[in-house]
2 protein chains.
Amino acid sequence: MRILIIGGGGFIGQKLATSLAGRGNLRNQPISGITCADVSAPPDIPAPVPVRGLALDISDRTAVDAVMAKGWDVIFHLAAVVSGQAEADFVSGFRTNFFGTLNIFESARAYAMRPVIVYSSSVAAYGGEVPQPIEDWTNTNPQTSYGSQKVIGELLLNDYSRRGFIDGRGVRLPTVTVRPGKPNAAASSFFSSIIREPLQGLPAMCPVDPQKTKGWLTSPRVVVENIIRSAELDAAALGQNRCFNLPGITVTVAEMIASLERNGGAKALECIDYGIEQRIVDIVSGWAVDFNPQKALALGMTADIGFDSIIQQYIDDELSGG
Amino acid sequence: MRILIIGGGGFIGQKLATSLAGRGNLRNQPISGITCADVSAPPDIPAPVPVRGLALDISDRTAVDAVMAKGWDVIFHLAAVVSGQAEADFVSGFRTNFFGTLNIFESARAYAMRPVIVYSSSVAAYGGEVPQPIEDWTNTNPQTSYGSQKVIGELLLNDYSRRGFIDGRGVRLPTVTVRPGKPNAAASSFFSSIIREPLQGLPAMCPVDPQKTKGWLTSPRVVVENIIRSAELDAAALGQNRCFNLPGITVTVAEMIASLERNGGAKALECIDYGIEQRIVDIVSGWAVDFNPQKALALGMTADIGFDSIIQQYIDDELSGG
């Protein structure tokens, strides 16, 4: 069982690699090796199941072919130019999110290797004139370039799977929070930074109205488990649409801040400054936040029990418990 | 007002060109010329508004750029490798339907010309696990390569329009019947041939169960009018999804055959042979047939009044009335 994680240098990719290495098996087979590919080669992780880093720009078909030629049983495709950047720089997002995904699928087709591919799509697939809650059959009507590129990947994944070129499964990730590290160009970045920075006594900006803004959220641990479960599924269980919404919880930013107070104390609240950033509001307000993810629940996927537990998980995993 | 019809050599493209030439104006401006581009150059049509033929393979980006460089105010993009062929030959469909559409949109972006583009999508956009009737917000969940490629074009059209690269509008065509000419590789071809051939005393094959098989149908005249109306719309009227279902009528094949008897006599029925062709059944049974096209109706689009009138239109337009 050889595993490739594309976008493996990112936060979720690294957690996924660590989790898979710890399990030691996938799809009832022992894992012989895990490779994390990213634009810059991630560091090797010495472990009983070795995790190797590899440099790969998926927008380069020749480079993709060279990596795919090594032969993989399961590929996790998490690589993306994030929403804010794909909106600010159309060509950059198109190259990676559109052509990068196409290159991976086309390379798999060319090599006739039919790998299991778990593809990370996004809540950004939804928007526009659709009723909420979002059902599994609600139209994906993205209102950003990032969301459009993600949904195009879903359509390719479904058709390439139906034709037997790959064995794909696409998971639409809720906003993953609390992310460790620094703010990034994702429009959703503030969903993490308004918790992460205050817990460390650092300033954070809230660019949206806390009462009016909701998120559809998942924690890192839960989303990594759901991604692994997606790889484990039998193709037959996926039905006629291999892409589905992962479970999450719907929380207002005001509720997140109240949870921050419960878990980080009143002094954490003072770290947050408020100032509407219209560019962020425009993107985030186009995302759906009320979902009925029946398909994922039936497939055994789970959600966090509440936002308090998401903060506690961040404190345990990233702040050594306190 | 310079108009380009891509796929202009096809049956709908030719009827569209003739109709536009007869009107003489579009979007409140006089039409100075119409060009019909297709893989083989369609014949010129001498008329007060001249219709010129042009050879163009849309899968060739250089060729697309050369045509786009001429400058167009309104482009109708009707070109496609049809459903049956795109299913039988993945590469052929992908090249024309996926890359061809991408080439047209990318060329428009490169030239910064922002043309109105009317893009023909299809009922084949729907399928799989979605409840019927199909609402405007029902997920496009295609079960064929043709449908997948069409929906990818929709997503590109929406995003390129939102970004101001083009002013697109996408119309999902019901099955257009009765088509003149000969059967083609479209899986829907029999919807026309079981009427067209018997009316001329020629044999026809019905490859599906007449009682179990329904179509979502439109006539050539009505669909051409709706395509022109789509070009006339103000972009603001299109809302957050520029692609929508055109109205049609839902008819069983058995009802079509009963209508054939009313309009063509009992002897027409004897021309039809029956034999299940599983390849056709598999494709057609994946298409949705019950629609609630509220958006199109609100935008002024229309449907035929019944299948008898569709047959009478064919007799009038293609058989000189008898």
# chains A, B, ... in the order shown; residues from 1 in each chain; ligands from 1
$ interface_residues --of "chain B" --to "chain A" --cutoff "6 Å" --atoms "only C-alpha atoms" --output "list in words"
Gly128, Val130, Trp137, Thr138, Asn139, Ser148, Ile152, Leu155 and Gln240 of chain B
$ select_by_dssp --residues "segment 97-272 of chain A" --states "strand (DSSP E)" --output "PyMOL selection string"
chain A and resi 116-122+167-173+175-176+204-206+214-218+243-245+249-252+272
$ closest_residue --among "B:Leu199, B:Leu54, B:Ala266, B:Val118" --to "Ile311 of chain B" --atoms "only C-alpha atoms"
B:Leu199
$ residues_around --residues "Gln132 of chain A" --least-positions-apart "6" --cutoff "8 Å" --atoms "only C-alpha atoms" --output "ChimeraX atom specification"
/A:288,290-291
$ write_last_selection --atoms "C-alpha atoms" --output "PDB file, in the first residue's frame"
ATOM      1  CA  ALA A 288     -23.606  28.177   2.575  1.00  0.00           C
ATOM      2  CA  ASP A 290     -26.613  25.152   6.927  1.00  0.00           C
ATOM      3  CA  PHE A 291     -26.159  21.611   5.685  1.00  0.00           C
TER       4      PHE A 291
END
$ residues_around --residues "Gly306 of chain B" --least-positions-apart "3" --cutoff "7 Å" --atoms "only C-alpha atoms" --output "list of chain:residue names"
B:Ile249, B:Ser309, B:Ile310
$ closest_residue --among "B:Thr101, B:Ser107, B:Gln29, B:Ser19" --to "Asp73 of chain B" --atoms "only C-alpha atoms"
B:Gln29
$ select_by_dssp --residues "segment 95-149 of chain B" --states "alpha helix (DSSP H)" --output "ChimeraX atom specification"
/B:101-111,145-149
$ closest_residue --among "B:Leu4, B:Ala108, B:Ala66, B:Val91" --to "Leu78 of chain B" --atoms "only C-alpha atoms"
B:Leu4
